[in-house]
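Peer 1: Quick one: this structure, given as structure tokens, is what I'll be asking you about.
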Amino acid sequence: MSEVRIIRLGQTDSTNRWLREYNGEERTGMTVAVADEQTAGRGCGTNTWESEPGKNLTFSLLIHPSAVPSNRQFVLSMAKALALKAALDEYLSEGITLKWPNDIYWHDRKIGGTLIELSVSGSSIHRCILGTGINVNQRTFTSNAPNPVSLIQITGRETSVAELLDKVIHHFQSYYAQVEQGHFEDIMQAYRQAMYRREGFHRYRDSHGEFSASIAGVECGGHLLLRDAGGRLRRYAFKEVTYITE
């Protein structure tokens, strides 16, 4: 990948929204917007992201992945998730997994997440914004989010937010290079190996009720494949199935 441009913002409502309205002429490389304070960060759907000013890593990446077919768009989320895991693994000896579709977990607690926004031109992706929040130095959480955790709560020591961003960018460049070279299956295999609940049967809930299943895989279009206790293969899009963690 060519040049990485980092734009540092003091306060913004959303780094995704900021990059969506960004008027730069770049059509190659990567543009990163990172904020000390994000006042209206979002998660998937209507979820919001709680972040104490200056304590966490809140940023978005803008890329133009024209070589990625629109029906393989989820490989971009996979590459970003793998980069986040690789960066966090440098601080934690174990426990970081990738919870489909867009969360980063430490054991059964959420340490980060990503929101992806795409602009499609024909059968290709014209531009992609990947917005991420990682809990770094925030010690307490006051929202009704059920299971947040931060690096400082795990390690007991503060982490440089700028250093963590550098590590994420470094790892994302490596994984995104694989995407640009068309190595989609390598990315998908690495993602599957790093998934939360990768092994064994666990409880889930869909529109028909609760059931027990094991993860059979994730398609490059983003669908989650579960195999229930009766051997039936179930296929889910975002928000169609819920993990039962309590």
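Residue names in the structure tokens use chain letters A, B, ... in the order shown, residue numbers from 1 in each chain, and ligand numbers from 1 in the order shown.
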So that I can check the surroundings of Val68 (chain A), please list as a PyMOL selection string every protein, DNA and RNA residue that reaches within 12 Å of it, counting only C-alpha atoms and ignoring chain neighbours fewer than 5 positions away.
Peer 2: chain A and resi 63+73-76+118-128+176-184+220-221
Peer 1: Report as JSON lines the residues of region 115-155 of chain A within 9 Å of region 2-21 of chain A, each with its shortest atom pair and distance in Å (one decimal), using only C-alpha atoms, ordered by chain and increasing residue number.
Peer 2:
```
{"residue": "A:Leu115", "atom": "CA", "partner": "A:Asn16", "partner_atom": "CA", "distance": 8.4}
{"residue": "A:Ile116", "atom": "CA", "partner": "A:Asn16", "partner_atom": "CA", "distance": 8.7}
{"residue": "A:Glu117", "atom": "CA", "partner": "A:Asn16", "partner_atom": "CA", "distance": 8.1}
{"residue": "A:Ile129", "atom": "CA", "partner": "A:Asn16", "partner_atom": "CA", "distance": 6.5}
{"residue": "A:Leu130", "atom": "CA", "partner": "A:Asn16", "partner_atom": "CA", "distance": 7.3}
{"residue": "A:Gly131", "atom": "CA", "partner": "A:Asn16", "partner_atom": "CA", "distance": 5.6}
{"residue": "A:Thr132", "atom": "CA", "partner": "A:Asn16", "partner_atom": "CA", "distance": 8.9}
```
Peer 1: Of the candidates A:Arg157, A:Lys99, A:His107, A:Arg235, which shows the shortest atom-to-atom distance to Arg192 (chain A), using only C-alpha atoms?
Peer 2: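 Of the candidates, the smallest distance to Arg192 (chain A) is held by A:Lys99.
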Peer 1: Could you pull out the strand (DSSP E) residues of region 43-239 of chain A, going by DSSP on the backbone, and write them as a PyMOL selection string?
Peer 2: chain A and resi 57-63+96-99+103-106+109-121+124-134+202-206+209-218+224-228+233-236
Peer 1: Name all residues at most 9 Å from Thr114 (chain A) (count only C-alpha atoms; drop same-chain ones fewer than 6 positions away) and give them as a PyMOL selection string.
Peer 2: chain A and resi 43-44+60+77+80-81+101-104+130-134
Peer 1: Write out, as a compact mmCIF listing (two decimals), in the first residue's frame, the residues just selected, with C-alpha atoms.
Peer 2:
```txt
# COMPACT_ATOMS: atom_id res chain seq x y z
CA GLY A 43 -21.76 0.64 16.61
CA CYS A 44 -23.75 -1.71 14.43
CA SER A 60 -11.61 5.46 10.97
CA SER A 77 -14.01 -6.38 7.85
CA LYS A 80 -9.47 -5.00 9.88
CA ALA A 81 -10.48 -7.39 12.68
CA PRO A 101 -19.75 -9.71 12.78
CA ASN A 102 -17.67 -6.78 14.06
CA ASP A 103 -16.59 -7.07 17.71
CA ILE A 104 -13.25 -7.73 19.36
CA LEU A 130 -13.86 1.25 8.61
CA GLY A 131 -14.56 2.98 11.92
CA THR A 132 -13.14 1.44 15.09
CA GLY A 133 -13.25 2.00 18.82
CA ILE A 134 -10.91 0.22 21.23
```
Peer 1: Excluding Ala162 (chain A) and its own-chain neighbours fewer than 5 positions away, which residues fall within 12 Å of it when counting only C-alpha atoms? Please give them as a list in words.
Peer 2: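 Residues meeting the cut-off are Ile6, Arg8, Val34, Ala35, Asp36, Gly54, Lys55, Asn56, Leu57, Thr58, Phe59, Val136, Lys167, Val168 and Ile169 of chain A.
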